[in-house]
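To be precise, the following lines are entry_6.cif, and they hold mmCIF, C-alpha atoms and all ligand atoms.
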```
data_my_file
#
loop_
_atom_site.label_atom_id
_atom_site.label_comp_id
_atom_site.auth_asym_id
_atom_site.auth_seq_id
_atom_site.Cartn_x
_atom_site.Cartn_y
_atom_site.Cartn_z
CA MET A 127 107.83 89.89 -160.81
CA SER A 128 107.88 93.06 -158.73
CA PHE A 129 108.16 96.71 -159.77
CA ARG A 130 110.89 99.02 -158.68
CA PHE A 131 109.83 102.40 -157.25
CA GLY A 132 113.08 104.07 -156.14
CA GLN A 133 114.29 102.15 -153.09
CA HIS A 134 110.96 100.30 -152.80
CA LEU A 135 109.98 96.96 -154.30
CA ILE A 136 106.32 97.10 -155.26
CA LYS A 137 104.17 93.99 -155.40
CA PRO A 138 102.13 93.48 -158.58
CA SER A 139 99.02 93.30 -156.36
CA VAL A 140 99.14 97.07 -155.74
CA VAL A 141 99.86 97.98 -159.38
CA PHE A 142 96.69 98.55 -161.43
CA LEU A 143 98.07 99.53 -164.83
CA LYS A 144 101.23 98.67 -166.71
CA THR A 145 102.16 99.85 -170.19
CA GLU A 146 105.32 99.39 -172.24
CA LEU A 147 107.11 102.19 -170.36
CA SER A 148 105.05 103.13 -167.30
CA PHE A 149 103.06 101.76 -164.37
CA ALA A 150 100.48 103.07 -161.91
CA LEU A 151 100.15 102.03 -158.26
CA VAL A 152 97.97 102.83 -155.29
CA ASN A 153 99.45 104.89 -152.46
CA ARG A 154 100.23 103.45 -149.04
CA LYS A 155 99.43 106.85 -147.49
CA PRO A 156 96.90 108.70 -149.66
CA VAL A 157 96.34 112.38 -148.98
CA VAL A 158 92.79 112.06 -150.35
CA PRO A 159 90.83 108.92 -151.34
CA GLY A 160 92.09 107.80 -154.75
CA HIS A 161 95.52 109.44 -154.46
CA VAL A 162 97.60 107.25 -156.79
CA LEU A 163 101.02 107.42 -158.44
CA VAL A 164 102.17 107.05 -162.05
CA CYS A 165 105.82 106.17 -162.69
CA PRO A 166 108.12 105.31 -165.56
CA LEU A 167 109.22 101.66 -165.44
CA ARG A 168 112.83 102.81 -165.72
CA PRO A 169 113.85 104.02 -162.24
CA VAL A 170 115.26 107.46 -163.05
CA GLU A 171 115.36 110.20 -160.45
CA ARG A 172 114.48 113.40 -162.33
CA PHE A 173 111.96 114.34 -164.99
CA ARG A 174 114.81 115.61 -167.19
CA ASP A 175 116.26 112.06 -167.25
CA LEU A 176 113.30 110.65 -169.19
CA ARG A 177 113.42 110.04 -172.94
CA PRO A 178 110.69 111.62 -175.08
CA ASP A 179 108.90 108.28 -175.53
CA GLU A 180 108.89 107.79 -171.75
CA VAL A 181 107.48 111.30 -171.18
CA ALA A 182 104.77 110.65 -173.77
CA ASP A 183 103.79 107.32 -172.22
CA LEU A 184 103.93 108.67 -168.65
CA PHE A 185 101.55 111.50 -169.51
CA GLN A 186 99.22 109.34 -171.58
CA VAL A 187 98.97 106.95 -168.62
CA THR A 188 98.52 109.89 -166.24
CA GLN A 189 95.61 111.16 -168.36
CA ARG A 190 93.92 107.73 -168.42
CA VAL A 191 94.49 107.18 -164.71
CA GLY A 192 93.13 110.64 -163.84
CA THR A 193 89.92 109.95 -165.73
CA VAL A 194 89.46 106.64 -163.94
CA VAL A 195 90.19 107.79 -160.37
CA GLU A 196 88.01 110.88 -160.75
CA LYS A 197 85.13 108.63 -161.78
CA HIS A 198 85.75 105.83 -159.27
CA PHE A 199 86.18 108.13 -156.27
CA HIS A 200 83.34 110.48 -157.33
CA GLY A 201 85.62 113.48 -157.78
CA THR A 202 84.73 116.52 -159.84
CA SER A 203 88.29 117.71 -160.55
CA LEU A 204 91.87 116.47 -160.37
CA THR A 205 95.16 117.69 -158.95
CA PHE A 206 98.24 116.42 -160.81
CA SER A 207 101.53 117.06 -159.06
CA MET A 208 105.18 116.15 -159.53
CA GLN A 209 107.81 116.89 -156.87
CA ASP A 210 110.93 116.87 -159.03
CA GLY A 211 113.97 116.90 -156.73
CA PRO A 212 114.44 117.03 -152.93
CA GLU A 213 113.92 120.79 -152.58
CA ALA A 214 110.57 120.36 -154.32
CA GLY A 215 109.58 117.74 -151.71
CA GLN A 216 110.53 114.55 -153.55
CA THR A 217 111.31 111.71 -151.16
CA VAL A 218 111.34 108.72 -153.51
CA LYS A 219 114.15 109.10 -156.03
CA HIS A 220 112.11 107.81 -158.95
CA VAL A 221 110.00 110.12 -161.15
CA HIS A 222 106.31 109.91 -160.23
CA VAL A 223 103.17 111.89 -160.88
CA HIS A 224 100.70 112.21 -158.02
CA VAL A 225 97.09 111.98 -159.24
CA LEU A 226 94.50 113.17 -156.72
CA PRO A 227 90.72 113.26 -157.20
CA ARG A 228 89.28 116.52 -155.86
CA LYS A 229 85.83 117.56 -154.73
CA ALA A 230 84.25 120.67 -153.27
CA GLY A 231 85.27 121.29 -149.68
CA ASP A 232 87.88 118.51 -149.49
CA PHE A 233 90.33 121.04 -148.04
CA HIS A 234 89.41 124.14 -146.10
CA ARG A 235 91.91 126.06 -148.24
CA ASN A 236 92.08 124.58 -151.73
CA ASP A 237 95.88 124.84 -152.07
CA SER A 238 96.49 123.21 -148.68
CA ILE A 239 96.69 119.97 -150.66
CA TYR A 240 100.21 120.99 -151.75
CA GLU A 241 101.32 121.52 -148.15
CA LYS A 242 99.82 118.16 -147.24
CA LEU A 243 101.62 116.51 -150.18
CA GLN A 244 104.92 118.03 -149.07
CA LYS A 245 104.55 116.72 -145.52
CA HIS A 246 102.60 113.47 -145.65
CA ASP A 247 105.55 111.18 -146.29
CA LYS A 248 108.25 113.12 -144.43
CA GLU A 249 109.83 111.53 -141.37
CA GLU A 250 107.85 113.38 -138.71
CA GLU A 251 104.51 112.37 -140.27
CA ASP A 252 105.41 109.05 -141.88
CA SER A 253 105.65 105.76 -140.02
CA PRO A 254 104.55 102.22 -140.82
CA VAL A 255 101.58 102.56 -138.47
CA SER A 256 100.21 105.32 -140.71
CA TRP A 257 100.42 103.16 -143.84
CA ARG A 258 97.49 101.24 -145.22
CA SER A 259 97.54 97.46 -145.10
CA GLU A 260 98.66 95.52 -148.15
CA GLU A 261 95.20 93.95 -148.28
CA GLU A 262 93.46 97.32 -148.45
CA MET A 263 95.85 98.52 -151.13
CA ALA A 264 95.45 95.33 -153.17
CA GLU A 265 91.67 95.63 -152.95
CA GLU A 266 91.77 99.20 -154.29
CA ALA A 267 94.17 98.21 -157.08
CA ALA A 268 91.86 95.34 -158.09
CA ALA A 269 88.89 97.72 -158.30
CA LEU A 270 90.86 100.17 -160.48
CA ARG A 271 92.32 97.45 -162.72
CA VAL A 272 88.82 96.62 -163.94
CA TYR A 273 88.58 99.98 -165.76
CA PHE A 274 91.61 99.16 -167.90
CA GLN A 275 90.62 95.65 -169.02
W1 LIG B 301 107.24 112.19 -153.19
O1 LIG B 301 107.24 112.94 -151.65
O2 LIG B 301 108.67 111.45 -153.43
O3 LIG B 301 106.67 113.23 -154.38
O4 LIG B 301 106.00 111.01 -153.04
C1 LIG B 301 106.23 109.67 -152.69
C2 LIG B 301 104.87 109.01 -152.58
O5 LIG B 301 105.04 107.64 -152.60
C3 LIG B 301 104.12 109.37 -151.30
O6 LIG B 301 102.80 109.71 -151.63
C4 LIG B 301 104.20 108.07 -150.49
O7 LIG B 301 103.08 107.91 -149.65
C5 LIG B 301 104.24 107.05 -151.59
N1 LIG B 301 104.91 105.78 -151.30
C6 LIG B 301 106.16 105.63 -150.81
N2 LIG B 301 106.47 104.33 -150.72
C7 LIG B 301 105.40 103.63 -151.16
C8 LIG B 301 105.11 102.25 -151.30
N3 LIG B 301 105.99 101.30 -150.95
N4 LIG B 301 103.91 101.90 -151.80
C9 LIG B 301 103.01 102.84 -152.13
N5 LIG B 301 103.22 104.16 -152.02
C10 LIG B 301 104.41 104.56 -151.54
#
```

Would you mind writing the structure in this file as structure tokens?
Amino acid sequence: MSFRFGQHLIKPSVVFLKTELSFALVNRKPVVPGHVLVCPLRPVERFRDLRPDEVADLFQVTQRVGTVVEKHFHGTSLTFSMQDGPEAGQTVKHVHVHVLPRKAGDFHRNDSIYEKLQKHDKEEEDSPVSWRSEEEMAEEAAALRVYFQ
């Protein structure tokens, strides 16, 4: 069985947590080490389209995932971000929360991470050669899965 993420079909090997209503996957083009995504299982485009139980599950999963990636990637803080609609920078038409472990000095200007998030998967910057291999992604997902067993 694969997972739907907007127009993408996601292999179970890159998914490291699944609940009744949500799933979490590793990123093919992380902006920082440990940059992962949390999505509702139902492929809706906008945050407003989610039911209350889906919002609750999405944020509970986001909280658990944040704790794990901060620890695993030796972060000391977290950035959570949601680009909700094309003008906000959303490229995949399926609600998702970006979870990014942060550490001192990771960006010269702290808020540059938002600019990077906006651009990293846009056409000019995004091409298959810049994506990680499926093997590397599966390896990371396997390491993260352990925390949820
Ligand atoms: W958005 O700009 O829609 O807020 O973010 C989409 C995110 O999904 C980006 O971080 C991008 O790298 C990631 N992404 C897109 N397609 C895939 C995929 N097939 N597997 C893993 N990550 C993906």

Using only C-alpha atoms and all ligand atoms, which residues of chain A come within 8 Å of ligand LIG 301 (chain B), and what is the closest atom pair for each, with the distance in Å to one decimal? Give it as JSON lines, sorted by chain and residue number.
```
{"residue": "A:Phe131", "atom": "CA", "partner": "B:LIG301", "partner_atom": "N3", "distance": 7.5}
{"residue": "A:His134", "atom": "CA", "partner": "B:LIG301", "partner_atom": "N3", "distance": 5.4}
{"residue": "A:Leu135", "atom": "CA", "partner": "B:LIG301", "partner_atom": "N3", "distance": 6.8}
{"residue": "A:Ile136", "atom": "CA", "partner": "B:LIG301", "partner_atom": "N3", "distance": 6.0}
{"residue": "A:Val140", "atom": "CA", "partner": "B:LIG301", "partner_atom": "C9", "distance": 7.8}
{"residue": "A:Leu151", "atom": "CA", "partner": "B:LIG301", "partner_atom": "C9", "distance": 6.8}
{"residue": "A:Val152", "atom": "CA", "partner": "B:LIG301", "partner_atom": "C9", "distance": 5.9}
{"residue": "A:Asn153", "atom": "CA", "partner": "B:LIG301", "partner_atom": "N5", "distance": 3.9}
{"residue": "A:Arg154", "atom": "CA", "partner": "B:LIG301", "partner_atom": "C9", "distance": 4.2}
{"residue": "A:Lys155", "atom": "CA", "partner": "B:LIG301", "partner_atom": "O7", "distance": 4.4}
{"residue": "A:Pro156", "atom": "CA", "partner": "B:LIG301", "partner_atom": "O7", "distance": 6.2}
{"residue": "A:Val157", "atom": "CA", "partner": "B:LIG301", "partner_atom": "O6", "distance": 7.5}
{"residue": "A:His161", "atom": "CA", "partner": "B:LIG301", "partner_atom": "O6", "distance": 7.8}
{"residue": "A:Val162", "atom": "CA", "partner": "B:LIG301", "partner_atom": "O6", "distance": 7.7}
{"residue": "A:Leu163", "atom": "CA", "partner": "B:LIG301", "partner_atom": "O5", "distance": 7.1}
{"residue": "A:Ser207", "atom": "CA", "partner": "B:LIG301", "partner_atom": "O3", "distance": 7.9}
{"residue": "A:Met208", "atom": "CA", "partner": "B:LIG301", "partner_atom": "O3", "distance": 6.1}
{"residue": "A:Gln209", "atom": "CA", "partner": "B:LIG301", "partner_atom": "O3", "distance": 4.6}
{"residue": "A:Asp210", "atom": "CA", "partner": "B:LIG301", "partner_atom": "O3", "distance": 7.3}
{"residue": "A:Gly215", "atom": "CA", "partner": "B:LIG301", "partner_atom": "O1", "distance": 5.3}
{"residue": "A:Gln216", "atom": "CA", "partner": "B:LIG301", "partner_atom": "O2", "distance": 3.6}
{"residue": "A:Thr217", "atom": "CA", "partner": "B:LIG301", "partner_atom": "O2", "distance": 3.5}
{"residue": "A:Val218", "atom": "CA", "partner": "B:LIG301", "partner_atom": "O2", "distance": 3.8}
{"residue": "A:Lys219", "atom": "CA", "partner": "B:LIG301", "partner_atom": "O2", "distance": 6.5}
{"residue": "A:His220", "atom": "CA", "partner": "B:LIG301", "partner_atom": "O2", "distance": 7.5}
{"residue": "A:Val221", "atom": "CA", "partner": "B:LIG301", "partner_atom": "O2", "distance": 7.9}
{"residue": "A:His222", "atom": "CA", "partner": "B:LIG301", "partner_atom": "O3", "distance": 6.7}
{"residue": "A:Val223", "atom": "CA", "partner": "B:LIG301", "partner_atom": "O3", "distance": 7.5}
{"residue": "A:His224", "atom": "CA", "partner": "B:LIG301", "partner_atom": "O3", "distance": 7.1}
{"residue": "A:Leu243", "atom": "CA", "partner": "B:LIG301", "partner_atom": "O1", "distance": 6.8}
{"residue": "A:Gln244", "atom": "CA", "partner": "B:LIG301", "partner_atom": "O1", "distance": 6.2}
{"residue": "A:Lys245", "atom": "CA", "partner": "B:LIG301", "partner_atom": "O1", "distance": 7.7}
{"residue": "A:His246", "atom": "CA", "partner": "B:LIG301", "partner_atom": "O7", "distance": 6.9}
{"residue": "A:Asp247", "atom": "CA", "partner": "B:LIG301", "partner_atom": "O7", "distance": 5.3}
{"residue": "A:Lys248", "atom": "CA", "partner": "B:LIG301", "partner_atom": "O1", "distance": 7.3}
{"residue": "A:Trp257", "atom": "CA", "partner": "B:LIG301", "partner_atom": "O7", "distance": 8.0}
```

Take the residues just selected and output them with C-alpha atoms as a CSV table (one decimal), in the frame of the given file.
```csv
chain,number,residue,atom,x,y,z
A,131,PHE,CA,109.8,102.4,-157.2
A,134,HIS,CA,111.0,100.3,-152.8
A,135,LEU,CA,110.0,97.0,-154.3
A,136,ILE,CA,106.3,97.1,-155.3
A,140,VAL,CA,99.1,97.1,-155.7
A,151,LEU,CA,100.2,102.0,-158.3
A,152,VAL,CA,98.0,102.8,-155.3
A,153,ASN,CA,99.4,104.9,-152.5
A,154,ARG,CA,100.2,103.4,-149.0
A,155,LYS,CA,99.4,106.8,-147.5
A,156,PRO,CA,96.9,108.7,-149.7
A,157,VAL,CA,96.3,112.4,-149.0
A,161,HIS,CA,95.5,109.4,-154.5
A,162,VAL,CA,97.6,107.2,-156.8
A,163,LEU,CA,101.0,107.4,-158.4
A,207,SER,CA,101.5,117.1,-159.1
A,208,MET,CA,105.2,116.2,-159.5
A,209,GLN,CA,107.8,116.9,-156.9
A,210,ASP,CA,110.9,116.9,-159.0
A,215,GLY,CA,109.6,117.7,-151.7
A,216,GLN,CA,110.5,114.6,-153.6
A,217,THR,CA,111.3,111.7,-151.2
A,218,VAL,CA,111.3,108.7,-153.5
A,219,LYS,CA,114.2,109.1,-156.0
A,220,HIS,CA,112.1,107.8,-159.0
A,221,VAL,CA,110.0,110.1,-161.2
A,222,HIS,CA,106.3,109.9,-160.2
A,223,VAL,CA,103.2,111.9,-160.9
A,224,HIS,CA,100.7,112.2,-158.0
A,243,LEU,CA,101.6,116.5,-150.2
A,244,GLN,CA,104.9,118.0,-149.1
A,245,LYS,CA,104.6,116.7,-145.5
A,246,HIS,CA,102.6,113.5,-145.6
A,247,ASP,CA,105.6,111.2,-146.3
A,248,LYS,CA,108.2,113.1,-144.4
A,257,TRP,CA,100.4,103.2,-143.8
```

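Here the question is which of A:Val255, A:Met263, A:Gly201, A:Ala214 gets nearest to Ala230 (chain A) using only C-alpha atoms, and that residue is A:Gly201.
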
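The nearest approach to Arg168 (chain A) among the residues A:Ala268, A:Val141, A:Phe129, A:Thr205, with all atoms listed in the file taken into account, belongs to A:Phe129.
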
*Which of these residues is nearest to Glu171 (chain A), using only C-alpha atoms: A:Ser148, A:Thr193, A:Gln133, A:Thr202?*
A:Gln133

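As for CA of Gln189 (chain A) and CA of Arg172 (chain A), they are spaced 19.9 Å apart.
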
*Among listed residues A:Pro212, A:Val191, A:Val181, A:Leu176, nearest Lys144 (chain A) (using all atoms listed in the file)*: A:Val191

_Please list, as a ChimeraX atom specification, the residues that have an atom at most 7 Å away from (94.9, 96.6, -159.5) in the coordinates of this file, counting only C-alpha atoms._
/A:139-143,264,266-271

I need the chosen residues saved as a compact mmCIF listing (two decimals), keeping the file's coordinate frame, with C-alpha atoms.
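result_24.txt was written with the following content:
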```txt
# COMPACT_ATOMS: atom_id res chain seq x y z
CA SER A 139 99.02 93.30 -156.36
CA VAL A 140 99.14 97.07 -155.74
CA VAL A 141 99.86 97.98 -159.38
CA PHE A 142 96.69 98.55 -161.43
CA LEU A 143 98.07 99.53 -164.83
CA ALA A 264 95.45 95.33 -153.17
CA GLU A 266 91.77 99.20 -154.29
CA ALA A 267 94.17 98.21 -157.08
CA ALA A 268 91.86 95.34 -158.09
CA ALA A 269 88.89 97.72 -158.30
CA LEU A 270 90.86 100.17 -160.48
CA ARG A 271 92.32 97.45 -162.72
```

*Out of A:Ser128, A:His234, A:Val170, A:Val187, which residue has the shortest atom-to-atom distance to Ala150 (chain A) when counting all atoms listed in the file?*
A:Val187

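Proximity of A:Arg190, A:Arg130, A:His200, A:Arg177 to Gly160 (chain A), computed with only C-alpha atoms, is greatest for A:His200.
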
Assuming 4 Å of padding per side, give the centre and edge lengths of the axis-aligned box around every listed atom of region 229-235 of chain A, in Å to one decimal and as lines of an AutoDock Vina configuration file.
```
center_x = 88.1
center_y = 121.8
center_z = -150.4
size_x = 15.7
size_y = 16.5
size_z = 16.6
```

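Here CA of Leu226 (chain A) is placed at a distance of 24.2 Å from CA of Asp175 (chain A).
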
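Distance-wise, CA of Glu180 (chain A) and CA of Pro138 (chain A) end up 20.6 Å apart.
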
Please, can region 238-249 of chain A be completed to all heavy atoms and returned as a short mmCIF file (atom, residue, chain, number, x, y, z; two decimals), keeping the file's coordinate frame?
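Saved to result-v3.cif:
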```
data_model
loop_
_atom_site.label_atom_id
_atom_site.label_comp_id
_atom_site.auth_asym_id
_atom_site.auth_seq_id
_atom_site.Cartn_x
_atom_site.Cartn_y
_atom_site.Cartn_z
N SER A 238 95.87 123.93 -149.79
CA SER A 238 96.49 123.21 -148.68
C SER A 238 96.91 121.80 -149.11
O SER A 238 97.74 121.17 -148.45
CB SER A 238 95.53 123.08 -147.50
OG SER A 238 95.14 124.32 -147.04
N ILE A 239 96.33 121.32 -150.18
CA ILE A 239 96.69 119.97 -150.66
C ILE A 239 98.19 119.90 -150.96
O ILE A 239 98.83 118.88 -150.74
CB ILE A 239 95.84 119.55 -151.89
CG1 ILE A 239 95.98 118.04 -152.13
CG2 ILE A 239 96.18 120.36 -153.13
CD1 ILE A 239 94.91 117.43 -152.99
N TYR A 240 98.78 121.01 -151.41
CA TYR A 240 100.21 120.99 -151.75
C TYR A 240 101.07 120.90 -150.49
O TYR A 240 102.10 120.23 -150.47
CB TYR A 240 100.57 122.23 -152.59
CG TYR A 240 99.86 122.22 -153.92
CD1 TYR A 240 98.82 123.08 -154.19
CD2 TYR A 240 100.21 121.28 -154.90
CE1 TYR A 240 98.14 123.05 -155.41
CE2 TYR A 240 99.53 121.23 -156.11
CZ TYR A 240 98.50 122.11 -156.36
OH TYR A 240 97.84 122.06 -157.55
N GLU A 241 100.61 121.58 -149.44
CA GLU A 241 101.32 121.52 -148.15
C GLU A 241 101.24 120.09 -147.60
O GLU A 241 102.22 119.53 -147.11
CB GLU A 241 100.64 122.49 -147.20
CG GLU A 241 101.50 122.95 -146.05
CD GLU A 241 100.73 123.97 -145.23
OE1 GLU A 241 100.12 124.88 -145.83
OE2 GLU A 241 100.72 123.82 -144.00
N LYS A 242 100.06 119.52 -147.71
CA LYS A 242 99.82 118.16 -147.24
C LYS A 242 100.71 117.17 -148.02
O LYS A 242 101.32 116.26 -147.44
CB LYS A 242 98.34 117.84 -147.43
CG LYS A 242 97.87 116.60 -146.79
CD LYS A 242 97.43 116.81 -145.36
CE LYS A 242 97.02 115.48 -144.78
NZ LYS A 242 97.45 115.25 -143.43
N LEU A 243 100.79 117.37 -149.35
CA LEU A 243 101.62 116.51 -150.18
C LEU A 243 103.09 116.59 -149.78
O LEU A 243 103.80 115.58 -149.75
CB LEU A 243 101.51 116.94 -151.65
CG LEU A 243 100.59 116.18 -152.57
CD1 LEU A 243 100.70 116.73 -153.98
CD2 LEU A 243 100.90 114.68 -152.58
N GLN A 244 103.53 117.80 -149.50
CA GLN A 244 104.92 118.03 -149.07
C GLN A 244 105.23 117.24 -147.81
O GLN A 244 106.28 116.64 -147.67
CB GLN A 244 105.08 119.52 -148.70
CG GLN A 244 105.49 120.41 -149.82
CD GLN A 244 107.01 120.47 -149.96
OE1 GLN A 244 107.73 120.04 -149.07
NE2 GLN A 244 107.46 120.96 -151.08
N LYS A 245 104.26 117.23 -146.87
CA LYS A 245 104.55 116.72 -145.52
C LYS A 245 104.20 115.26 -145.30
O LYS A 245 104.76 114.62 -144.43
CB LYS A 245 103.74 117.55 -144.50
CG LYS A 245 104.27 118.94 -144.28
CD LYS A 245 103.57 119.54 -143.05
CE LYS A 245 103.98 120.99 -142.80
NZ LYS A 245 102.92 121.71 -142.08
N HIS A 246 103.22 114.73 -146.08
CA HIS A 246 102.60 113.47 -145.65
C HIS A 246 103.54 112.29 -145.57
O HIS A 246 103.30 111.35 -144.82
CB HIS A 246 101.40 113.12 -146.55
CG HIS A 246 101.78 112.54 -147.88
ND1 HIS A 246 102.42 113.25 -148.85
CD2 HIS A 246 101.63 111.30 -148.40
CE1 HIS A 246 102.63 112.48 -149.91
NE2 HIS A 246 102.16 111.29 -149.65
N ASP A 247 104.64 112.32 -146.34
CA ASP A 247 105.55 111.18 -146.29
C ASP A 247 106.93 111.58 -145.76
O ASP A 247 107.91 110.87 -145.96
CB ASP A 247 105.67 110.51 -147.66
CG ASP A 247 106.21 111.45 -148.72
OD1 ASP A 247 106.14 112.68 -148.53
OD2 ASP A 247 106.72 110.95 -149.74
N LYS A 248 106.98 112.72 -145.06
CA LYS A 248 108.25 113.12 -144.43
C LYS A 248 108.34 112.44 -143.06
O LYS A 248 107.33 112.06 -142.47
CB LYS A 248 108.32 114.63 -144.26
CG LYS A 248 108.28 115.41 -145.57
CD LYS A 248 109.57 115.24 -146.36
CE LYS A 248 109.57 116.07 -147.64
NZ LYS A 248 108.49 115.77 -148.58
N GLU A 249 109.57 112.34 -142.56
CA GLU A 249 109.83 111.53 -141.37
C GLU A 249 108.89 111.78 -140.19
O GLU A 249 108.39 110.83 -139.59
CB GLU A 249 111.27 111.72 -140.90
CG GLU A 249 112.19 110.66 -141.48
CD GLU A 249 113.66 111.00 -141.31
OE1 GLU A 249 114.00 111.63 -140.31
OE2 GLU A 249 114.44 110.61 -142.21
#
```
